[in-house]
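Reproduced below: target_7.cif, with mmCIF, C-alpha atoms.
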```cif
data_work
#
loop_
_atom_site.label_atom_id
_atom_site.label_comp_id
_atom_site.auth_asym_id
_atom_site.auth_seq_id
_atom_site.Cartn_x
_atom_site.Cartn_y
_atom_site.Cartn_z
CA MET A 1 -115.53 179.69 106.85
CA ASN A 2 -113.16 181.98 104.95
CA THR A 3 -110.47 183.74 106.94
CA LEU A 4 -108.39 186.87 106.57
CA MET A 5 -104.71 186.40 105.76
CA LYS A 6 -103.02 186.69 109.18
CA LYS A 7 -99.65 185.02 108.50
CA GLY A 8 -99.38 184.73 104.73
CA VAL A 9 -96.59 184.40 102.20
CA LEU A 10 -96.51 185.36 98.53
CA LEU A 11 -95.59 182.41 96.34
CA TYR A 12 -94.84 183.60 92.81
CA THR A 13 -95.85 181.34 89.97
CA SER A 14 -96.13 181.19 86.19
CA TYR A 15 -94.23 183.64 83.95
CA ARG A 16 -91.51 185.84 85.45
CA GLY A 17 -91.27 188.09 82.38
CA TYR A 18 -92.40 188.09 78.77
CA SER A 19 -89.83 185.81 77.16
CA GLY A 20 -91.61 182.61 78.18
CA GLY A 21 -89.51 181.71 81.22
CA LYS A 22 -91.33 180.73 84.41
CA TYR A 23 -90.52 180.94 88.10
CA SER A 24 -88.75 177.98 89.65
CA VAL A 25 -91.02 175.46 91.35
CA PRO A 26 -90.13 174.23 94.85
CA THR A 27 -89.86 170.52 95.57
CA ASP A 28 -92.41 168.76 97.76
CA GLU A 29 -89.90 168.81 100.61
CA GLU A 30 -89.46 172.57 100.22
CA LEU A 31 -93.23 173.06 100.17
CA LYS A 32 -93.48 170.98 103.34
CA ASN A 33 -90.90 173.25 104.97
CA LEU A 34 -92.94 176.25 103.85
CA LEU A 35 -96.12 174.80 105.32
CA ASP A 36 -94.33 174.15 108.59
CA VAL A 37 -93.88 177.94 108.83
CA THR A 38 -97.34 179.03 107.65
CA ASP A 39 -100.42 177.46 106.11
CA GLU A 40 -101.55 180.66 104.35
CA ILE A 41 -100.32 180.84 100.75
CA LEU A 42 -101.03 183.47 98.08
CA LEU A 43 -100.41 182.17 94.56
CA ILE A 44 -99.38 185.30 92.74
CA PRO A 45 -98.62 186.18 89.08
CA ILE A 46 -96.36 189.03 88.01
CA ALA A 47 -97.07 189.28 84.26
CA THR A 48 -100.00 190.80 82.41
CA PHE A 49 -102.20 188.16 80.79
CA ASN A 50 -103.79 189.92 77.85
CA ARG A 51 -105.58 186.91 76.30
CA TYR A 52 -108.79 185.37 77.58
CA THR A 53 -111.48 183.01 76.40
CA ASP A 54 -114.83 184.73 76.84
CA ARG A 55 -118.10 183.12 77.92
CA ASN A 56 -118.93 182.30 74.30
CA GLY A 57 -115.65 180.48 73.75
CA ASN A 58 -114.05 183.29 71.75
CA GLU A 59 -110.35 184.10 72.11
CA VAL A 60 -110.02 187.77 73.08
CA GLU A 61 -107.09 190.17 73.28
CA VAL A 62 -108.13 192.77 75.85
CA VAL A 63 -105.79 195.56 74.71
CA THR A 64 -104.63 195.89 71.13
CA ARG A 65 -102.63 198.55 69.35
CA GLU A 66 -105.83 199.66 67.66
CA ILE A 67 -107.47 200.21 71.04
CA ILE A 68 -104.53 202.30 72.20
CA ASP A 69 -104.68 204.37 69.00
CA SER A 70 -108.42 204.95 69.48
CA MET A 71 -108.05 206.47 72.97
CA THR A 72 -109.74 209.84 73.34
CA GLU A 73 -109.16 212.83 75.62
CA ASP A 74 -112.05 211.95 77.94
CA MET A 75 -110.32 208.65 78.82
CA VAL A 76 -107.32 210.23 80.55
CA GLY A 77 -106.84 212.53 83.51
CA ASP A 78 -104.91 215.18 81.58
CA PRO A 79 -106.15 215.53 77.98
CA THR A 80 -103.03 217.48 76.99
CA ARG A 81 -100.96 214.33 77.62
CA LEU A 82 -103.06 212.00 75.46
CA GLU A 83 -100.52 211.51 72.66
CA THR A 84 -97.67 211.02 75.14
CA ILE A 85 -99.72 208.43 77.03
CA LYS A 86 -100.49 206.59 73.78
CA LYS A 87 -96.76 206.37 73.04
CA GLU A 88 -96.07 205.03 76.52
CA TYR A 89 -98.84 202.45 76.19
CA HIS A 90 -97.49 201.31 72.82
CA ALA A 91 -94.05 200.83 74.39
CA THR A 92 -95.58 198.70 77.15
CA ALA A 93 -97.53 196.77 74.53
CA ASP A 94 -94.32 195.72 72.77
CA LYS A 95 -93.44 193.18 75.45
CA ILE A 96 -96.95 192.20 76.54
CA LEU A 97 -98.23 191.48 73.03
CA ALA A 98 -95.02 189.61 72.23
CA GLY A 99 -95.55 187.42 75.29
CA ASN A 100 -99.17 186.80 74.24
CA TYR A 101 -99.98 185.11 77.55
CA HIS A 102 -103.36 183.51 78.21
CA ILE A 103 -104.88 183.75 81.69
CA LYS A 104 -105.41 180.00 81.75
CA ASP A 105 -101.63 179.55 81.92
CA TYR A 106 -101.53 181.24 85.32
CA ILE A 107 -104.62 179.40 86.56
CA ASP A 108 -103.20 176.01 85.54
CA ASP A 109 -99.85 176.77 87.18
CA ALA A 110 -101.51 178.00 90.38
CA ASN A 111 -103.89 175.05 90.44
CA SER A 112 -100.94 172.66 90.20
CA TYR A 113 -99.54 174.31 93.33
CA ALA A 114 -102.93 174.12 95.02
CA GLU A 115 -103.22 170.37 94.51
CA ARG A 116 -99.67 169.76 95.74
CA LEU A 117 -100.12 171.98 98.79
CA VAL A 118 -103.42 170.32 99.75
CA ALA A 119 -101.82 166.89 99.37
CA ILE A 120 -99.16 167.93 101.88
CA LYS A 121 -101.46 169.83 104.25
CA PRO A 122 -105.18 169.19 103.71
CA ASP A 123 -106.29 172.29 105.63
CA VAL A 124 -103.93 174.76 103.91
CA LYS A 125 -105.49 178.17 103.21
CA LEU A 126 -105.10 179.42 99.65
CA TRP A 127 -105.61 182.66 97.77
CA PHE A 128 -105.64 182.80 93.96
CA SER A 129 -105.19 186.04 91.98
CA VAL A 130 -106.49 188.07 89.12
CA PRO A 131 -103.50 189.65 87.30
CA HIS A 132 -102.78 193.30 86.62
CA SER A 133 -102.77 195.49 83.52
CA GLU A 134 -99.11 196.57 83.69
CA CYS A 135 -99.00 200.33 83.04
CA TRP A 136 -102.19 200.61 80.99
CA HIS A 137 -103.87 202.64 83.76
CA ALA A 138 -106.48 204.39 81.63
CA LEU A 139 -107.47 201.13 79.94
CA THR A 140 -107.88 199.03 83.08
CA HIS A 141 -111.68 199.18 82.82
CA LEU A 142 -111.36 196.95 79.73
CA PHE A 143 -110.10 194.20 82.03
CA ALA A 144 -113.05 194.46 84.43
CA SER A 145 -115.20 191.81 82.78
CA PRO A 146 -112.33 189.44 81.86
CA TRP A 147 -110.97 189.59 85.40
CA ALA A 148 -114.41 188.97 86.89
CA ASP A 149 -114.74 185.98 84.55
CA THR A 150 -111.28 184.86 85.69
CA VAL A 151 -112.77 184.30 89.14
CA ASP A 152 -115.31 181.95 87.53
CA LEU A 153 -112.54 180.20 85.62
CA ILE A 154 -110.55 179.66 88.80
CA LYS A 155 -113.62 178.19 90.50
CA ASN A 156 -114.29 175.90 87.54
CA THR A 157 -110.65 174.77 87.29
CA VAL A 158 -109.93 174.06 90.93
CA ARG A 159 -111.25 170.83 92.42
CA ALA A 160 -114.60 171.45 94.12
CA ASP A 161 -113.33 170.33 97.52
CA ILE A 162 -110.32 172.65 97.27
CA TRP A 163 -112.50 175.58 96.25
CA ASP A 164 -114.94 174.93 99.09
CA ASN A 165 -112.47 174.07 101.85
CA ASN A 166 -109.13 175.71 101.02
CA VAL A 167 -109.61 178.74 98.80
CA GLN A 168 -110.18 181.69 101.12
CA GLY A 169 -110.32 184.43 98.54
CA ILE A 170 -108.97 186.20 95.49
CA TYR A 171 -106.18 188.78 95.32
CA PHE A 172 -106.41 191.86 93.09
CA ALA A 173 -102.84 192.04 91.79
CA GLY A 174 -102.65 195.71 90.76
CA GLU A 175 -100.66 197.58 93.42
CA ASP A 176 -101.80 201.17 93.03
CA ILE A 177 -104.36 203.58 91.62
CA ILE A 178 -102.34 205.88 89.41
CA THR A 179 -103.68 209.28 88.45
CA ALA A 180 -100.79 211.70 87.57
CA GLY A 181 -102.56 212.66 84.35
CA TYR A 182 -103.31 209.08 83.32
CA THR A 183 -106.74 208.71 84.95
CA ARG A 184 -109.41 210.76 86.69
CA PHE A 185 -110.15 210.28 90.37
CA ASP A 186 -113.15 212.18 91.71
CA ASN A 187 -112.67 212.16 95.48
CA ASP A 188 -116.29 213.00 96.24
CA LYS A 189 -117.84 210.17 94.21
CA PRO A 190 -117.09 206.85 95.96
CA GLU A 191 -120.53 205.56 94.91
CA GLU A 192 -119.41 205.98 91.27
CA ASP A 193 -116.05 204.26 91.89
CA PHE A 194 -114.50 207.74 91.84
CA ASN A 195 -114.97 207.67 88.04
CA ASN A 196 -111.68 205.81 87.89
CA PRO A 197 -111.10 202.87 85.48
CA ILE A 198 -108.89 200.98 87.96
CA VAL A 199 -111.47 201.22 90.74
CA LYS A 200 -114.19 200.09 88.33
CA ALA A 201 -112.16 196.95 87.61
CA MET A 202 -111.63 196.43 91.34
CA ARG A 203 -115.39 196.65 91.91
CA ALA A 204 -116.15 194.13 89.16
CA VAL A 205 -113.69 191.63 90.65
CA SER A 206 -114.89 192.20 94.21
CA ASP A 207 -118.54 191.73 93.28
CA ARG A 208 -117.76 188.42 91.59
CA VAL A 209 -115.57 187.21 94.48
CA ARG A 210 -118.26 188.12 97.01
CA SER A 211 -120.90 186.30 94.96
CA PHE A 212 -119.05 183.08 95.82
CA GLY A 213 -118.72 183.95 99.49
CA LYS A 214 -114.96 184.49 99.29
CA ASN A 215 -112.78 187.36 100.50
CA CYS A 216 -111.25 190.02 98.27
CA LEU A 217 -107.63 190.93 99.09
CA TRP A 218 -105.47 193.86 97.97
CA ILE A 219 -101.78 194.60 98.69
CA PRO A 220 -101.07 198.18 97.57
CA TYR A 221 -97.88 200.10 98.23
CA TYR A 222 -97.77 203.29 100.28
CA HIS A 223 -95.58 206.24 99.32
CA GLU A 224 -96.47 209.31 101.32
CA ALA A 225 -95.57 211.68 98.48
CA ALA A 226 -97.51 209.79 95.77
CA SER A 227 -101.07 210.61 94.72
CA SER A 228 -101.76 206.89 94.46
CA SER A 229 -101.43 206.56 98.25
CA LYS A 230 -104.11 209.22 98.74
CA ASN A 231 -106.27 207.34 96.24
CA LEU A 232 -105.83 204.04 98.08
CA GLY A 233 -106.95 205.84 101.24
CA TYR A 234 -110.19 206.94 99.62
CA VAL A 235 -110.90 203.44 98.30
CA VAL A 236 -110.08 201.62 101.53
CA ASN A 237 -111.71 204.11 103.89
CA LEU A 238 -114.84 204.94 101.91
CA THR A 239 -115.74 201.71 100.06
CA ASN A 240 -116.16 198.06 100.96
CA ILE A 241 -114.48 196.79 97.79
CA PHE A 242 -111.83 194.90 99.76
CA ASP A 243 -112.19 192.71 102.82
CA THR A 244 -108.47 192.73 103.51
CA VAL A 245 -105.87 195.38 102.65
CA ILE A 246 -102.21 194.63 103.37
CA ILE A 247 -100.07 197.74 102.81
CA GLN A 248 -96.52 197.66 101.42
CA PRO A 249 -94.14 200.17 103.05
CA SER A 250 -91.50 199.63 100.29
CA PHE A 251 -88.74 200.89 102.63
CA PHE A 252 -86.69 197.72 102.11
CA PHE A 253 -86.35 198.61 98.43
CA ASN A 254 -86.07 202.39 98.77
CA SER A 255 -84.29 203.88 101.77
CA ALA A 256 -85.80 207.29 101.00
CA ARG A 257 -89.14 205.94 102.21
CA VAL A 258 -87.96 206.06 105.79
CA ASP A 259 -91.33 207.33 107.11
CA GLU A 260 -93.44 204.61 105.55
CA ILE A 261 -93.06 201.95 108.25
CA GLU A 262 -94.38 204.34 110.89
CA ILE A 263 -97.17 205.54 108.59
CA VAL A 264 -98.26 202.00 107.77
CA SER A 265 -98.05 201.05 111.47
CA ASN A 266 -100.34 204.00 112.18
CA CYS A 267 -102.76 202.77 109.49
CA VAL A 268 -102.85 199.33 111.10
CA ARG A 269 -103.22 200.78 114.60
CA LYS A 270 -106.10 203.08 113.60
CA GLN A 271 -107.58 200.60 111.09
CA ALA A 272 -107.82 203.41 108.58
CA VAL A 273 -105.48 204.65 105.85
CA VAL A 274 -103.89 207.85 107.15
CA ASP A 275 -101.51 210.45 105.78
CA ILE A 276 -98.07 211.30 107.14
CA ASN A 277 -99.69 213.49 109.83
CA GLY A 278 -102.00 210.71 111.01
CA ASN A 279 -105.12 212.21 109.45
CA ILE A 280 -107.64 209.76 107.99
CA ILE A 281 -107.68 210.16 104.21
CA GLY A 282 -111.18 211.08 103.08
CA GLY A 283 -111.99 212.38 106.54
CA LYS A 284 -113.45 209.16 107.96
CA LYS A 285 -113.41 205.37 107.75
CA VAL A 286 -116.82 203.93 106.92
CA SER A 287 -115.72 200.63 105.39
CA ASN A 288 -115.28 197.23 107.02
CA SER A 289 -111.91 196.62 105.34
CA GLU A 290 -109.34 195.18 107.74
CA ILE A 291 -105.89 196.72 107.33
CA GLY A 292 -102.58 194.94 107.77
CA PHE A 293 -98.94 195.23 106.74
CA GLU A 294 -96.52 193.55 104.35
CA MET A 295 -93.12 192.28 105.45
CA GLU A 296 -90.52 192.75 102.70
CA ILE A 297 -87.24 190.95 102.17
CA ASP A 298 -85.32 189.43 99.27
CA GLU A 299 -81.85 188.22 98.26
CA GLN A 300 -80.37 191.66 98.97
CA PHE A 301 -80.73 190.92 102.69
CA TYR A 302 -77.85 188.47 102.37
CA ASP A 303 -75.36 190.33 100.21
CA ARG A 304 -75.93 194.12 100.23
CA GLU A 305 -74.86 196.54 102.89
CA GLY A 306 -77.68 198.26 104.76
CA TYR A 307 -80.43 195.84 103.73
CA PRO A 308 -80.45 193.76 106.93
CA GLU A 309 -80.99 196.96 108.90
CA ARG A 310 -83.86 197.94 106.63
CA TYR A 311 -85.49 194.54 107.15
CA TYR A 312 -85.07 194.66 110.93
CA ALA A 313 -86.86 198.01 110.92
CA TYR A 314 -89.94 196.07 109.76
CA GLU A 315 -89.62 193.61 112.63
CA LYS A 316 -89.40 196.49 115.09
CA GLY A 317 -92.19 198.50 113.48
CA PHE A 318 -94.73 195.74 113.03
CA GLY A 319 -93.94 193.21 115.78
CA GLU A 320 -96.91 194.23 117.91
CA PHE A 321 -99.36 193.23 115.19
CA VAL A 322 -98.14 189.66 114.47
CA GLY A 323 -101.07 187.26 114.40
CA VAL A 324 -103.45 190.10 115.24
CA ARG A 325 -103.73 191.98 111.94
CA PRO A 326 -103.41 190.76 108.36
CA THR A 327 -99.83 190.06 107.31
CA ALA A 328 -98.08 188.82 104.16
CA TYR A 329 -94.41 188.23 103.41
CA TYR A 330 -92.90 189.30 100.12
CA ALA A 331 -89.61 187.41 99.77
CA GLY A 332 -88.98 187.57 96.02
CA ALA A 333 -88.74 184.51 93.80
CA PRO A 334 -89.66 181.06 95.19
CA GLU A 335 -86.02 180.07 95.77
CA THR A 336 -85.49 183.17 97.92
CA LEU A 337 -88.73 182.55 99.80
CA ILE A 338 -87.53 179.06 100.70
CA LYS A 339 -84.14 180.45 101.75
CA THR A 340 -85.72 183.02 104.07
CA LEU A 341 -88.10 180.60 105.83
CA PRO A 342 -86.10 180.63 109.10
CA ILE A 343 -86.38 184.44 109.20
CA ILE A 344 -90.11 184.34 108.45
CA ASP A 345 -90.65 181.59 111.03
CA LYS A 346 -88.89 183.62 113.72
CA PHE A 347 -91.08 186.66 113.06
CA TYR A 348 -94.33 184.72 112.89
CA LYS A 349 -93.57 183.05 116.22
CA LYS A 350 -93.26 186.39 118.03
#
```

How does the structure come out when it is put into structure tokens?
Amino acid sequence: MNTLMKKGVLLYTSYRGYSGGKYSVPTDEELKNLLDVTDEILLIPIATFNRYTDRNGNEVEVVTREIIDSMTEDMVGDPTRLETIKKEYHATADKILAGNYHIKDYIDDANSYAERLVAIKPDVKLWFSVPHSECWHALTHLFASPWADTVDLIKNTVRADIWDNNVQGIYFAGEDIITAGYTRFDNDKPEEDFNNPIVKAMRAVSDRVRSFGKNCLWIPYYHEAASSSKNLGYVVNLTNIFDTVIIQPSFFFNSARVDEIEIVSNCVRKQAVVDINGNIIGGKKVSNSEIGFEMEIDEQFYDREGYPERYYAYEKGFGEFVGVRPTAYYAGAPETLIKTLPIIDKFYKK
């Protein structure tokens, strides 16, 4: 039976940028130490993987410069910004197309982790990921089919026993639903995925994940002043795209977001995404999505003034939910995750 992520950690793998370098890989002893703290591991990519092999065996680049140039006014939220958006998308394309990463690279790297983790702890719970589309918001619908097929590729790459017994679900790696002129978002049309290209990709991934009886996980960030937080409320409250939604407060990284821990705590308490005043976004919660919180820490905890206090605000704000609602730890790169295990262990044993 697949479970929700109640005491998870984010283990970053594969490329850490677009120059070919990859994240460090923990030793078996370090992985054993990790599994002594929690047996729920999310294998997460950070880069955009723009190359895929389709069902017919053809190599495909999802976004090309020609596709960016061919964008039309009806594809963006604010038609007057079309040419500016094209320029921005070309700038993003510079690094992504230079990297030229294939999705199989992430799957192979994550699968290597999966086999090592299962060898250490046979009942470990694992989540694989579909990647994100960087800042190509208005073109995310082009990734819908490749990302859905990525779920198939993960299933076909992972050993059958690991897929059946250890893989709990798939994580949708995009962290927000940006509008701000880039995309449309029709609040009153949840049955049409709000006419939003990002939500359409989410739906395609979710449908494929559910077809295999697995859970679909999302970890968006909340910023009370951002339109994307209102959008996430509509998606989480009014659709069943995601089984589990773990919300990032982002306060550890931005002290101006001082209200976010309380807002996210309120979301978890009410099991609905709410605004700063506690009102349910969209007016009601009709979905079955279970809502949790992300703990956030990285190397700055050890060497920058004020960061320990920011982290301890998370412990205070979310302590009541430990082991009760979905939780995941972001701790930066693998070496920092290993370094922070005593801190994570202390919180998870509350």

Expected selection from the PyMOL selection byres ((chain A and resi 225) around 12), given as a list in words: Tyr221, Tyr222, His223, Glu224, Ala226, Ser227, Ser228, Ser229, Lys230, Asn231, Ala256, Arg257, Val258, Asp259, Glu260, Ile263, Asp275 and Ile276 of chain A

Residues returned when the PyMOL selection byres ((chain A and resi 97-101) around 12) runs on this file, as number ranges by chain: A: 14-22, 45-53, 59-65, 89-96, 102-107, 131, 134

Protein, DNA and RNA residues within 12 Å of (-105.0, 211.1, 107.4), only C-alpha atoms, as a VMD selection string: chain A and resid 224 229 to 234 237 263 to 264 266 to 267 270 to 285

The PyMOL selection byres ((chain A and resi 215) around 10) applied to the shown file, residues as a PyMOL selection string: chain A and resi 2-5+127+167-171+206+209-214+216-217+241-244

Proximity to A:Pro146 - best of A:Asn58, A:Trp163, A:Glu192, A:Thr179, all atoms listed in the file: A:Asn58

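Taking atom CA of A:Ser70 as the reference point, atom CA of A:Lys200 is found at 20.3 Å.
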
Box in all listed atoms of stretch 170-173 of chain A, axis-aligned, with 8 Å more on each side; write out centre and edge lengths in Å to one decimal as JSON.
```
{"center_x": -105.9, "center_y": 189.1, "center_z": 93.6, "size_x": 22.1, "size_y": 21.8, "size_z": 19.7}
```

Counting only C-alpha atoms, the residue of A:Val235, A:Leu31, A:Ala160, A:Val286 that sits nearest A:Ile177: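 Ranked by minimum distance to A:Ile177, first place goes to A:Val235.
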
Contacts of stretch 293-307 of chain A within 6 Å, all atoms listed in the file, excl. fewer than 5 positions in-chain, as number ranges by chain: A: 246-248, 327-332

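Counting only C-alpha atoms, the residue from A:Thr84, A:Asn33, A:Ser133, A:Asn196 that sits nearest to A:Glu175 is A:Ser133.
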
Neighbour list for A:Arg325 as a ChimeraX atom specification, cut-off 8 Å, all atoms listed in the file, skip fewer than 6 positions in-chain: /A:6,268,290-293

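Computed from the coordinates, the atom CA of A:Ser129 to atom CA of A:Met71 distance equals 28.1 Å.
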
One-decimal distance in Å that lies between atom CA of A:Tyr311 and atom CA of A:Leu11: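 That distance, rounded to one decimal, is 19.1 Å.
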
For A:Phe347: contacts at 12 Å, only C-alpha atoms, fewer than 4 positions along chain excluded, given as number ranges by chain: A: 7-8, 37-38, 295, 311-312, 314-323, 327-329, 340-343

Selected residue, from A:Val76, A:Leu35, A:Val130, A:Ile219, that lies nearest to A:Ala148 when counting only C-alpha atoms: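 Nearest to A:Ala148: A:Val130.
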